[in-house]
Amino acid sequence: MIERRDFLKGCLACGVTAATVSVAGTSAMAAGSFEGYPDAMGVLVDLTRCVGCRSCEAACNNEQKLPEPDLPFDDLSVFSEKRRTTEKAYTVVNEYKVADKDTLFRKIQCNHCTEPACLSSCFVNAYTKTKEGAVIYDASVCVGCRNCMIACPFNIPAYSYSSPLNPLVKKCIFCYDTRVKDGRPPACVEICPQQVMTFGRRSDLVKLGHDRIQANPGKYVDKLYGEKAVGGTSWMYLSSVDFDKVGLDGHIQNEPIISNVKDFLGFVPMVLSIWPALFTGVHLLATKNKDGHHDHEEGDHQ
Amino acid sequence: MHAVKHTMILGMTAILMMLVSNVCLGAGIPDKVSISSIQKYYDPVSFNHAAHINNLKDCGLCHHHTTGAQVTDPNCARCHKNSGAQATVSCKGCHTADPFTPEALKQQRDQQPPIYHRDKPGLKAAYHASCLGCHQKMSGPTGCQDCHKRNDGGDALFKSGKYAPKAPAKPKAAHH
């Protein structure tokens with residue numbers, strides 16, 4: 001009887017602890033309510049302006065001191081396939097056939113989410129969302145688990161498969177160290193001959209994007225991609241065709257990726273605190289008869 | 001006295017403008033304009049202004065309302081229908097070479113009234129949008145090096161010419 005009373009007391013204590021933890025957790029994990037740092041910078045990308053010259057790829061390679069490319073940056077044969085970012089190229093331009101004759105080009109790079117999934121998924125805290133808006137990472141703590149590659153809704157982080165001894169995740173950092181930290185635009189923005197990309201405060205760019213849609217009736221799809229997608233991104237897009245046609249998921253969720261798992265994660269502390277006590281108790285009760293075989297027999301005889 | 005001073009300032013400004021660029025105000029329309037804003041990577045373009053004037057006749061196609069040409073864009077016409085020829089006509093008079101510096105962004109934010117000219121492209125984009133847009137419509141040259149030949153700095157940036165990757169391109173990678 002004493003054992004059972006202890007078990008119940010233990011359960012109660014665990015329950016109270018778990019409830020406290022989960023209540024505290026709920027208030028701290030209100031994902032989706034973060035509107036971003038007030039002075040965070042961003043880029044408005046106008047897909048209708050891009051001519052596919054690949055200058056941005058060349059400038060990125062130069063700025064980030066990336067390895068030599070397989071082909072020169074003026075070789076347009078690369079458009080024959082849809083490329084993705086790699087350890088050697090933090091940005092790539094792809095060509096999309098959107099009508100019989102029309103093509104659009106889209107530059108791909110990290111979109112620098114307001115609530116980055118890579119950051120949420122990283123268990124060594126390698127990622128940081130800076131107040132300037134850049135999502136940067138500390139390569140020295142990266143253990144190469146590649147959780148961020150799975151978490152990213154835009155398939156951006158790349159992996160140094162070429163380095164068997166110290167493979168790391170690699171991605172665009174918004175030229176944070178060399179430019180954005182000091183308020184200067186990233187290298188790709190600066191070199192673009194067409195000003196496909198407009199650099200500025202994200203809050204200003206949201207207005208600018210909607211103004212541009214309104215000022216050019218019929219030119220754009222009435223949507224600023226990235227204004228709301230996955231909780232908002234620093235890089236936002238304007239297009240003349242549905243975003244699905246240029247390789248962007250037009251039906252992407254507006255909630256940050258962490259919202260998909262926060263309910264589950266809220267259970268974890270409760271499971272960790274209650275289950276050991278619960279199952280220990282169950283085990284003790286279940287095995288009590290075996291251990292106390294004689295007691296019971298004696299009790300029955302009485 | 002004031003008038004003399006005023007004239008002197010105007011005269012000096014005109015001389016300065018002519019020294020800085022061969023686009024000068026009022027005094028004459030340049031036959032050639034040398035555009036060298038990206039000479040780090042490309043040779044300067046010697047833009048044949050006279051030939052474009054002869055071909056197009058309409059200054060407003062490139063210079064918007066600033067030459068006093070008839071304004072057709074209804075959005076511009078709201079203010080500039082009768083605004084006439086402006087003192088500033090050259091591209092770089094309005095389109096800044098570095099549109100995204102912290103100072104330029106602040107200026108744009110603080111501008112009054114905070115409605116028009118906010119989405120004004122920088123100088124490089126203004127050139128390219130204007131030239132390339134028209135060349136595409138009128139079958140003019142559209143390749144990068146049709147207008148400005150890439151120089152050594154450009155080759156180095158693009159890893160092309162003598163800077164081309166030595167190793168032959170790998171066959172389509174096995175990792176996917």
# chains A, B, ... in the order shown; residues from 1 in each chain; ligands from 1
$ interface_residues --of "chain B" --to "chain A" --cutoff "9 Å" --atoms "only C-alpha atoms" --output "ChimeraX atom specification"
/B:75,98-102,105,109,118-119,121-122,124-129,144,157-161,163-170,175
$ write_last_selection --atoms "N, CA, C and O atoms" --output "CSV table (one decimal), in the first residue's frame"
chain,number,residue,atom,x,y,z
B,75,ASN,N,-0.1,58.5,-65.8
B,75,ASN,CA,0.3,58.7,-64.5
B,75,ASN,C,1.3,59.9,-64.3
B,75,ASN,O,1.2,60.7,-63.4
B,98,ASP,N,24.5,55.0,-57.5
B,98,ASP,CA,24.5,54.1,-56.3
B,98,ASP,C,23.1,54.2,-55.6
B,98,ASP,O,23.0,54.9,-54.6
B,99,PRO,N,22.1,53.6,-56.1
B,99,PRO,CA,20.8,53.8,-55.5
B,99,PRO,C,20.5,53.1,-54.2
B,99,PRO,O,19.5,53.4,-53.5
B,100,PHE,N,21.4,52.3,-53.7
B,100,PHE,CA,21.1,51.5,-52.5
B,100,PHE,C,22.1,51.8,-51.4
B,100,PHE,O,22.2,51.1,-50.4
B,101,THR,N,22.8,52.9,-51.4
B,101,THR,CA,23.6,53.3,-50.3
B,101,THR,C,22.7,53.7,-49.1
B,101,THR,O,21.6,54.1,-49.4
B,102,PRO,N,23.2,53.6,-47.9
B,102,PRO,CA,22.3,54.0,-46.8
B,102,PRO,C,21.8,55.5,-47.0
B,102,PRO,O,20.6,55.8,-46.6
B,105,LEU,N,19.0,55.5,-49.7
B,105,LEU,CA,17.8,55.0,-49.2
B,105,LEU,C,17.1,55.9,-48.2
B,105,LEU,O,15.9,56.0,-48.2
B,109,ARG,N,13.4,57.7,-48.6
B,109,ARG,CA,12.4,57.6,-47.6
B,109,ARG,C,11.9,58.9,-47.1
B,109,ARG,O,10.7,59.1,-46.9
B,118,ARG,N,9.4,57.3,-56.2
B,118,ARG,CA,10.0,56.5,-55.2
B,118,ARG,C,10.6,55.2,-55.8
B,118,ARG,O,11.6,54.7,-55.2
B,119,ASP,N,10.1,54.7,-56.9
B,119,ASP,CA,10.5,53.5,-57.5
B,119,ASP,C,11.4,53.8,-58.7
B,119,ASP,O,11.4,53.1,-59.7
B,121,PRO,N,14.5,53.8,-60.9
B,121,PRO,CA,15.7,52.9,-61.0
B,121,PRO,C,17.0,53.7,-60.9
B,121,PRO,O,17.1,54.9,-61.2
B,122,GLY,N,18.1,53.0,-60.5
B,122,GLY,CA,19.4,53.6,-60.5
B,122,GLY,C,19.9,53.9,-62.0
B,122,GLY,O,19.2,53.5,-62.9
B,124,LYS,N,22.4,52.7,-63.8
B,124,LYS,CA,22.7,51.6,-64.7
B,124,LYS,C,21.5,50.9,-65.2
B,124,LYS,O,21.4,50.5,-66.3
B,125,ALA,N,20.5,50.8,-64.3
B,125,ALA,CA,19.2,50.1,-64.6
B,125,ALA,C,18.4,51.0,-65.6
B,125,ALA,O,17.8,50.5,-66.5
B,126,ALA,N,18.5,52.3,-65.4
B,126,ALA,CA,17.8,53.2,-66.3
B,126,ALA,C,18.3,53.1,-67.7
B,126,ALA,O,17.6,53.0,-68.7
B,127,TYR,N,19.7,53.1,-67.9
B,127,TYR,CA,20.3,52.8,-69.2
B,127,TYR,C,19.8,51.5,-69.8
B,127,TYR,O,19.3,51.5,-70.9
B,128,HIS,N,20.0,50.5,-69.0
B,128,HIS,CA,19.7,49.1,-69.6
B,128,HIS,C,18.2,49.0,-69.9
B,128,HIS,O,17.8,48.4,-70.9
B,129,ALA,N,17.3,49.4,-69.0
B,129,ALA,CA,15.9,49.3,-69.2
B,129,ALA,C,15.5,50.1,-70.5
B,129,ALA,O,14.7,49.6,-71.3
B,144,CYS,N,25.1,41.6,-74.5
B,144,CYS,CA,25.8,42.4,-73.6
B,144,CYS,C,27.0,43.1,-74.4
B,144,CYS,O,27.2,44.3,-74.3
B,157,LEU,N,36.0,38.5,-63.7
B,157,LEU,CA,34.8,38.3,-63.0
B,157,LEU,C,34.0,37.1,-63.5
B,157,LEU,O,33.5,36.3,-62.7
B,158,PHE,N,33.8,37.0,-64.8
B,158,PHE,CA,33.0,36.0,-65.4
B,158,PHE,C,33.7,34.7,-65.6
B,158,PHE,O,33.2,33.7,-66.2
B,159,LYS,N,35.0,34.6,-65.2
B,159,LYS,CA,35.8,33.4,-65.4
B,159,LYS,C,35.7,33.0,-66.8
B,159,LYS,O,35.4,31.8,-67.1
B,160,SER,N,36.0,33.9,-67.7
B,160,SER,CA,35.9,33.6,-69.1
B,160,SER,C,37.2,34.1,-69.8
B,160,SER,O,38.0,34.7,-69.2
B,161,GLY,N,37.3,33.7,-71.1
B,161,GLY,CA,38.5,34.1,-71.8
B,161,GLY,C,39.7,33.4,-71.2
B,161,GLY,O,39.7,32.2,-71.0
B,163,TYR,N,40.6,33.5,-68.3
B,163,TYR,CA,40.4,33.1,-66.9
B,163,TYR,C,39.4,31.9,-66.9
B,163,TYR,O,38.9,31.5,-65.8
B,164,ALA,N,39.1,31.3,-68.0
B,164,ALA,CA,38.1,30.2,-68.1
B,164,ALA,C,38.6,29.0,-67.3
B,164,ALA,O,39.9,28.8,-67.2
B,165,PRO,N,37.7,28.3,-66.7
B,165,PRO,CA,38.1,27.1,-65.9
B,165,PRO,C,39.0,26.2,-66.8
B,165,PRO,O,38.6,25.9,-67.9
B,166,LYS,N,40.1,25.7,-66.2
B,166,LYS,CA,41.0,24.9,-66.9
B,166,LYS,C,40.4,23.5,-67.1
B,166,LYS,O,40.4,22.9,-68.2
B,167,ALA,N,39.9,22.9,-66.0
B,167,ALA,CA,39.4,21.6,-66.0
B,167,ALA,C,38.2,21.5,-66.9
B,167,ALA,O,37.4,22.4,-66.9
B,168,PRO,N,38.2,20.5,-67.8
B,168,PRO,CA,37.0,20.4,-68.6
B,168,PRO,C,35.7,20.1,-67.7
B,168,PRO,O,35.8,19.5,-66.6
B,169,ALA,N,34.6,20.6,-68.2
B,169,ALA,CA,33.4,20.5,-67.4
B,169,ALA,C,33.1,19.0,-67.1
B,169,ALA,O,33.3,18.2,-68.0
B,170,LYS,N,32.8,18.8,-65.8
B,170,LYS,CA,32.5,17.4,-65.4
B,170,LYS,C,31.3,16.9,-66.1
B,170,LYS,O,30.4,17.6,-66.4
B,175,HIS,N,25.9,12.9,-58.0
B,175,HIS,CA,25.1,13.2,-56.9
B,175,HIS,C,23.9,13.9,-57.3
B,175,HIS,O,24.0,14.9,-58.0
$ residues_around --residues "Cys147 in chain B" --least-positions-apart "6" --cutoff "12 Å" --atoms "only C-alpha atoms" --output "ChimeraX atom specification"
/B:34-36,42-48,127-128,131-132,135,140-141
$ atom_distance --atom1 "CA of Gly232 in chain A" --atom2 "CA of Thr91 in chain A"
20.0 Å
$ residues_around --residues "Ser160 in chain A" --least-positions-apart "2" --cutoff "9 Å" --atoms "only C-alpha atoms" --output "PyMOL selection string"
chain A and resi 86-88+158+162-164+166-170
$ select_by_dssp --residues "range 101-174 of chain B" --states "alpha helix (DSSP H)" --output "PyMOL selection string"
chain B and resi 102-110+123-137+144-147+152-158
$ residues_around --residues "range 234-248 of chain A" --least-positions-apart "6" --cutoff "6 Å" --atoms "only C-alpha atoms" --output "list in words"
Gly42, Val43, Leu44, Val45, Asp46, Leu47, Tyr96, Asn111, His112, Cys113, Lys219, Tyr220, Val221, Leu224, Tyr225 and Gly226 of chain A
$ write_last_selection --atoms "C-alpha atoms" --output "mmCIF file, in the first residue's frame"
data_model
loop_
_atom_site.group_PDB
_atom_site.id
_atom_site.type_symbol
_atom_site.label_atom_id
_atom_site.label_comp_id
_atom_site.auth_asym_id
_atom_site.auth_seq_id
_atom_site.Cartn_x
_atom_site.Cartn_y
_atom_site.Cartn_z
ATOM 1 C CA GLY A 42 15.315 42.892 -47.764
ATOM 2 C CA VAL A 43 15.295 42.564 -51.512
ATOM 3 C CA LEU A 44 12.384 42.922 -53.898
ATOM 4 C CA VAL A 45 12.965 40.727 -56.965
ATOM 5 C CA ASP A 46 11.084 41.645 -60.144
ATOM 6 C CA LEU A 47 11.166 38.547 -62.348
ATOM 7 C CA TYR A 96 11.442 28.830 -67.141
ATOM 8 C CA ASN A 111 15.255 33.985 -48.988
ATOM 9 C CA HIS A 112 16.312 34.903 -45.438
ATOM 10 C CA CYS A 113 13.060 34.007 -43.661
ATOM 11 C CA LYS A 219 1.690 43.423 -65.744
ATOM 12 C CA TYR A 220 1.978 41.470 -62.515
ATOM 13 C CA VAL A 221 0.153 38.718 -60.677
ATOM 14 C CA LEU A 224 3.992 39.732 -53.419
ATOM 15 C CA TYR A 225 5.571 36.333 -52.909
ATOM 16 C CA GLY A 226 7.361 36.188 -49.578
#
$ select_by_dssp --residues "range 34-113 of chain B" --states "strand (DSSP E or B)" --output "list of chain:residue names"
B:Ser34, B:Ile35, B:Tyr42, B:Val45, B:Ser46, B:Phe47, B:Asn48, B:Thr67, B:Ala85
$ write_last_selection --atoms "N, CA and C atoms" --output "mmCIF file, in the first residue's frame"
data_model
loop_
_atom_site.group_PDB
_atom_site.id
_atom_site.type_symbol
_atom_site.label_atom_id
_atom_site.label_comp_id
_atom_site.auth_asym_id
_atom_site.auth_seq_id
_atom_site.Cartn_x
_atom_site.Cartn_y
_atom_site.Cartn_z
ATOM 1 N N SER B 34 29.589 59.506 -73.829
ATOM 2 C CA SER B 34 30.406 58.384 -73.376
ATOM 3 C C SER B 34 29.871 57.879 -72.049
ATOM 4 N N ILE B 35 29.484 56.617 -72.017
ATOM 5 C CA ILE B 35 28.920 56.023 -70.803
ATOM 6 C C ILE B 35 29.935 55.036 -70.242
ATOM 7 N N TYR B 42 33.475 46.558 -68.222
ATOM 8 C CA TYR B 42 33.195 46.746 -69.654
ATOM 9 C C TYR B 42 33.799 48.056 -70.147
ATOM 10 N N VAL B 45 30.864 52.849 -73.405
ATOM 11 C CA VAL B 45 30.046 52.877 -74.614
ATOM 12 C C VAL B 45 30.091 54.286 -75.170
ATOM 13 N N SER B 46 30.377 54.388 -76.462
ATOM 14 C CA SER B 46 30.255 55.701 -77.086
ATOM 15 C C SER B 46 28.873 55.746 -77.731
ATOM 16 N N PHE B 47 27.944 56.324 -76.992
ATOM 17 C CA PHE B 47 26.547 56.315 -77.426
ATOM 18 C C PHE B 47 26.322 57.374 -78.491
ATOM 19 N N ASN B 48 25.860 56.959 -79.642
ATOM 20 C CA ASN B 48 25.633 57.883 -80.752
ATOM 21 C C ASN B 48 24.264 58.555 -80.580
ATOM 22 N N THR B 67 12.325 67.061 -71.511
ATOM 23 C CA THR B 67 12.686 67.912 -72.644
ATOM 24 C C THR B 67 11.501 68.762 -73.099
ATOM 25 N N ALA B 85 10.055 72.089 -70.466
ATOM 26 C CA ALA B 85 11.432 71.594 -70.429
ATOM 27 C C ALA B 85 12.049 71.874 -69.064
#
$ decode --residues "range 76-89 of chain B" --atoms "all heavy atoms" --output "tab-separated table (two decimals), in the first residue's frame"
chain	number	residue	atom	x	y	z
B	76	CYS	N	2.12	60.12	-65.36
B	76	CYS	CA	3.06	61.24	-65.35
B	76	CYS	C	2.34	62.55	-65.67
B	76	CYS	O	2.67	63.61	-65.14
B	76	CYS	CB	4.18	61.03	-66.36
B	76	CYS	SG	5.03	59.47	-66.20
B	77	ALA	N	1.35	62.42	-66.58
B	77	ALA	CA	0.66	63.62	-67.07
B	77	ALA	C	-0.08	64.36	-65.96
B	77	ALA	O	-0.32	65.56	-66.06
B	77	ALA	CB	-0.32	63.23	-68.17
B	78	ARG	N	-0.40	63.64	-64.88
B	78	ARG	CA	-1.13	64.30	-63.78
B	78	ARG	C	-0.37	65.50	-63.25
B	78	ARG	O	-0.96	66.51	-62.85
B	78	ARG	CB	-1.39	63.30	-62.65
B	78	ARG	CG	-2.46	62.30	-63.02
B	78	ARG	CD	-2.92	61.54	-61.82
B	78	ARG	NE	-1.96	60.48	-61.49
B	78	ARG	CZ	-2.12	59.67	-60.46
B	78	ARG	NH1	-3.14	59.80	-59.65
B	78	ARG	NH2	-1.24	58.72	-60.23
B	79	CYS	N	0.97	65.41	-63.22
B	79	CYS	CA	1.75	66.55	-62.74
B	79	CYS	C	2.50	67.25	-63.86
B	79	CYS	O	2.74	68.45	-63.79
B	79	CYS	CB	2.78	66.08	-61.71
B	79	CYS	SG	2.08	65.34	-60.24
B	80	HIS	N	2.92	66.48	-64.86
B	80	HIS	CA	3.88	67.02	-65.83
B	80	HIS	C	3.27	67.37	-67.18
B	80	HIS	O	4.01	67.53	-68.14
B	80	HIS	CB	5.03	66.02	-66.00
B	80	HIS	CG	5.83	65.83	-64.75
B	80	HIS	ND1	6.54	66.84	-64.16
B	80	HIS	CD2	6.02	64.73	-63.97
B	80	HIS	CE1	7.15	66.38	-63.07
B	80	HIS	NE2	6.84	65.11	-62.93
B	81	LYS	N	1.97	67.47	-67.24
B	81	LYS	CA	1.33	67.76	-68.51
B	81	LYS	C	1.85	69.08	-69.10
B	81	LYS	O	2.13	69.18	-70.29
B	81	LYS	CB	-0.19	67.84	-68.33
B	81	LYS	CG	-0.95	67.72	-69.65
B	81	LYS	CD	-2.44	67.62	-69.41
B	81	LYS	CE	-3.18	67.56	-70.73
B	81	LYS	NZ	-4.62	67.67	-70.52
B	82	ASN	N	1.99	70.07	-68.24
B	82	ASN	CA	2.43	71.38	-68.72
B	82	ASN	C	3.70	71.84	-68.01
B	82	ASN	O	3.94	73.04	-67.88
B	82	ASN	CB	1.31	72.42	-68.49
B	82	ASN	CG	0.06	72.05	-69.25
B	82	ASN	OD1	0.11	71.78	-70.45
B	82	ASN	ND2	-1.07	72.01	-68.56
B	83	SER	N	4.49	70.90	-67.54
B	83	SER	CA	5.65	71.34	-66.77
B	83	SER	C	6.79	71.81	-67.66
B	83	SER	O	7.75	72.39	-67.17
B	83	SER	CB	6.13	70.23	-65.81
B	83	SER	OG	6.48	69.08	-66.51
B	84	GLY	N	6.73	71.54	-68.98
B	84	GLY	CA	7.71	72.09	-69.90
B	84	GLY	C	9.10	71.51	-69.75
B	84	GLY	O	9.30	70.55	-69.00
B	85	ALA	N	10.06	72.09	-70.47
B	85	ALA	CA	11.43	71.59	-70.43
B	85	ALA	C	12.05	71.87	-69.06
B	85	ALA	O	11.80	72.92	-68.47
B	85	ALA	CB	12.24	72.25	-71.53
B	86	GLN	N	12.83	70.91	-68.58
B	86	GLN	CA	13.45	71.03	-67.26
B	86	GLN	C	14.92	71.43	-67.40
B	86	GLN	O	15.53	71.27	-68.47
B	86	GLN	CB	13.38	69.68	-66.54
B	86	GLN	CG	11.99	69.10	-66.43
B	86	GLN	CD	11.13	69.86	-65.44
B	86	GLN	OE1	11.50	70.02	-64.29
B	86	GLN	NE2	9.99	70.35	-65.90
B	87	ALA	N	15.48	71.93	-66.30
B	87	ALA	CA	16.89	72.29	-66.31
B	87	ALA	C	17.75	71.03	-66.39
B	87	ALA	O	18.83	71.03	-66.98
B	87	ALA	CB	17.23	73.08	-65.05
B	88	THR	N	17.27	69.96	-65.77
B	88	THR	CA	18.03	68.71	-65.75
B	88	THR	C	17.45	67.74	-66.76
B	88	THR	O	16.28	67.36	-66.66
B	88	THR	CB	17.98	68.07	-64.35
B	88	THR	OG1	18.36	69.06	-63.41
B	88	THR	CG2	18.88	66.87	-64.26
B	89	VAL	N	18.26	67.37	-67.74
B	89	VAL	CA	17.77	66.49	-68.80
B	89	VAL	C	18.56	65.18	-68.85
B	89	VAL	O	18.03	64.13	-69.19
B	89	VAL	CB	17.85	67.21	-70.18
B	89	VAL	CG1	17.44	66.29	-71.29
B	89	VAL	CG2	16.96	68.45	-70.15
